[in-house]
Amino acid sequence: MIPRKRWAYVIPVAVVMYMLAYLDRTNVAVILPYIGDDFPLSAGAKGLASGIFFVGYLVLQIPAAVLAAKWSARKTVLLLMVAWAVAAVLCGLVRNETQLHLARLLLGLFEGGVWPAVLILLASWFPQAERARANALWMTCLPISAILMSPLSGFMLDHLSWRWVFVLQGLPPLVWAVVWWFAVADRPARARWISAAEREYLETTLKAEEDAKPAFAKQGYRKALANPQVLLLVGVYFFWVTGFYGFSLWLPSVVKAMTGGSATAVGFLSAVPYVLALAGMVACAHWSDRTGNRRLAITVPLLVAIGGLLLGNLGHWPAAVQLALLCVVATGVYMPYGPFWAIPSRVLGIEVVAVAMGLINALGNLGGFAGPYLVGWLTDVTGTPATGFAVLAAFLAVAAALAFFGLKPVTVEGSAHVPAATRHP
């Protein structure tokens, strides 16, 4: 039996690292409703403060991905971790709306390269048959961060100023950077803790997978970026992320309106949907790896999320029903993460997949700007967030349609039912 230490060493350290990144990215959703005393913000300005992060997020996607692939994912993430910690602290030192937007822009700039860099790292540690589960287990940092950090942010807001919350939550990445440096290796050959059997298994399996890819998978950067499946994944991710972040960044405001409770109560209730999302992510990834069916693992959860968003906007539901529907939506928008990010490394060779992942994440995350800002703008115009959430459901519907009709069905072993000349996942 092949040893499996990689699951215990690589994944947990990466999970904590990105939990801290996700905290610094999303804590603004819990904090924004409580900063009005210092400088009042309209709903549109709050949406811009949430969404402008993703404008900066675009810049380093491809450069950081290339650095991770050609230089070192470990060192790339370390540098970005230190830089984003500084930007996160600056969010607590701002004195006006413009400075807040600038600090959030810088935070997005430095966090932008972390996601593709870690995906490159995981591709060097986990073969395709494990890739969706490895991705999903790492990406559990997203709901785990919400589960732990939303109540923490709420509790801190009840006892500290919003400025101190930003500052104190920005410092932990500086500590974890030390752990990252000593615990993570770029590939099995450089890890001290790995056994000879596990190293040989990984190097042999990963090399065989690369050798088995068709010629088009090893094309240059320009052709890789123009690959139809890469462009399709950009489209799916953009429409999905628009709905995803529009929902997740505005969730605490919805919960606050539902409960009228303290910041602590809002934080705890906001965490509930992510508990179910966490279980859904792992289950969906396991099913996807077992069957090889990435298409349905993406499409079906998005349809579930659409149903929850639309049902939640049909009438005035009791608070308990609204919370249940928020749980449905959260589960639906989180479940596809592992299967989705297992696709690029099947389509493209390791030489160019970094650039493709950077492009998908960069352009797709424009939806992270569009979603929050759209909800805020529509709330200002209509006086209710209901219209905004209905529009987000439409964005998710486009993502589901692109995934279902664009991605190819696969066999249980994961081989696509397409001609050899145009083989895709």
# chains A, B, ... in the order shown; residues from 1 in each chain; ligands from 1
$ residues_around --residues "Leu23 of chain A" --least-positions-apart "3" --cutoff "9 Å" --atoms "only C-alpha atoms" --output "PyMOL selection string"
chain A and resi 18-20+26-28+142+145-146+149-150+169-170
$ write_last_selection --atoms "N, CA and C atoms" --output "mmCIF file, in the first residue's frame"
data_model
loop_
_atom_site.group_PDB
_atom_site.id
_atom_site.type_symbol
_atom_site.label_atom_id
_atom_site.label_comp_id
_atom_site.auth_asym_id
_atom_site.auth_seq_id
_atom_site.Cartn_x
_atom_site.Cartn_y
_atom_site.Cartn_z
ATOM 1 N N TYR A 18 -4.592 29.554 3.454
ATOM 2 C CA TYR A 18 -5.617 30.230 2.668
ATOM 3 C C TYR A 18 -6.829 30.607 3.506
ATOM 4 N N MET A 19 -7.033 29.935 4.644
ATOM 5 C CA MET A 19 -8.064 30.395 5.580
ATOM 6 C C MET A 19 -7.784 31.828 6.014
ATOM 7 N N LEU A 20 -6.512 32.100 6.286
ATOM 8 C CA LEU A 20 -6.130 33.452 6.706
ATOM 9 C C LEU A 20 -6.327 34.447 5.566
ATOM 10 N N THR A 26 -12.800 38.387 3.192
ATOM 11 C CA THR A 26 -14.250 38.405 3.402
ATOM 12 C C THR A 26 -14.677 39.043 4.717
ATOM 13 N N ASN A 27 -13.739 39.328 5.631
ATOM 14 C CA ASN A 27 -14.165 39.936 6.888
ATOM 15 C C ASN A 27 -14.825 41.289 6.674
ATOM 16 N N VAL A 28 -14.551 41.890 5.528
ATOM 17 C CA VAL A 28 -15.160 43.182 5.222
ATOM 18 C C VAL A 28 -16.682 43.081 5.184
ATOM 19 N N LEU A 142 -12.213 27.621 2.497
ATOM 20 C CA LEU A 142 -13.195 28.673 2.263
ATOM 21 C C LEU A 142 -14.361 28.579 3.244
ATOM 22 N N SER A 145 -13.109 28.801 6.957
ATOM 23 C CA SER A 145 -12.813 30.181 7.331
ATOM 24 C C SER A 145 -14.084 30.917 7.738
ATOM 25 N N ALA A 146 -15.157 30.722 6.961
ATOM 26 C CA ALA A 146 -16.424 31.377 7.291
ATOM 27 C C ALA A 146 -17.002 30.833 8.589
ATOM 28 N N MET A 149 -14.386 32.141 11.328
ATOM 29 C CA MET A 149 -14.021 33.550 11.373
ATOM 30 C C MET A 149 -15.218 34.489 11.428
ATOM 31 N N SER A 150 -16.360 34.092 10.874
ATOM 32 C CA SER A 150 -17.525 34.973 10.978
ATOM 33 C C SER A 150 -17.931 35.178 12.434
ATOM 34 N N GLN A 169 -6.734 40.936 12.658
ATOM 35 C CA GLN A 169 -6.935 39.819 11.747
ATOM 36 C C GLN A 169 -5.932 39.835 10.590
ATOM 37 N N GLY A 170 -5.233 40.931 10.411
ATOM 38 C CA GLY A 170 -4.220 41.002 9.364
ATOM 39 C C GLY A 170 -2.860 40.489 9.786
#
$ residues_around --residues "Met156 of chain A" --least-positions-apart "5" --cutoff "9 Å" --atoms "only C-alpha atoms" --output "PyMOL selection string"
chain A and resi 151+161-162+164-165+263-264
$ closest_residue --among "A:Arg4, A:Gly280, A:Pro12, A:Leu48" --to "Tyr373 of chain A" --atoms "only C-alpha atoms"
A:Leu48
$ residues_around --residues "segment 111-115 of chain A" --least-positions-apart "5" --cutoff "6 Å" --atoms "only C-alpha atoms" --output "mmCIF file with C-alpha atoms, in the first residue's frame"
data_model
loop_
_atom_site.group_PDB
_atom_site.id
_atom_site.type_symbol
_atom_site.label_atom_id
_atom_site.label_comp_id
_atom_site.auth_asym_id
_atom_site.auth_seq_id
_atom_site.Cartn_x
_atom_site.Cartn_y
_atom_site.Cartn_z
ATOM 1 C CA TYR A 57 -6.811 40.390 -7.813
ATOM 2 C CA LEU A 60 -0.679 38.979 -10.473
ATOM 3 C CA GLN A 61 -2.680 35.910 -11.488
ATOM 4 C CA ALA A 64 2.477 34.450 -9.982
ATOM 5 C CA VAL A 77 3.230 32.132 -1.786
ATOM 6 C CA TRP A 84 -1.123 40.752 1.854
#
$ residues_around --residues "Arg104 of chain A" --least-positions-apart "6" --cutoff "9 Å" --atoms "only C-alpha atoms" --output "PyMOL selection string"
chain A and resi 25+49-54+56+87-88+90-91
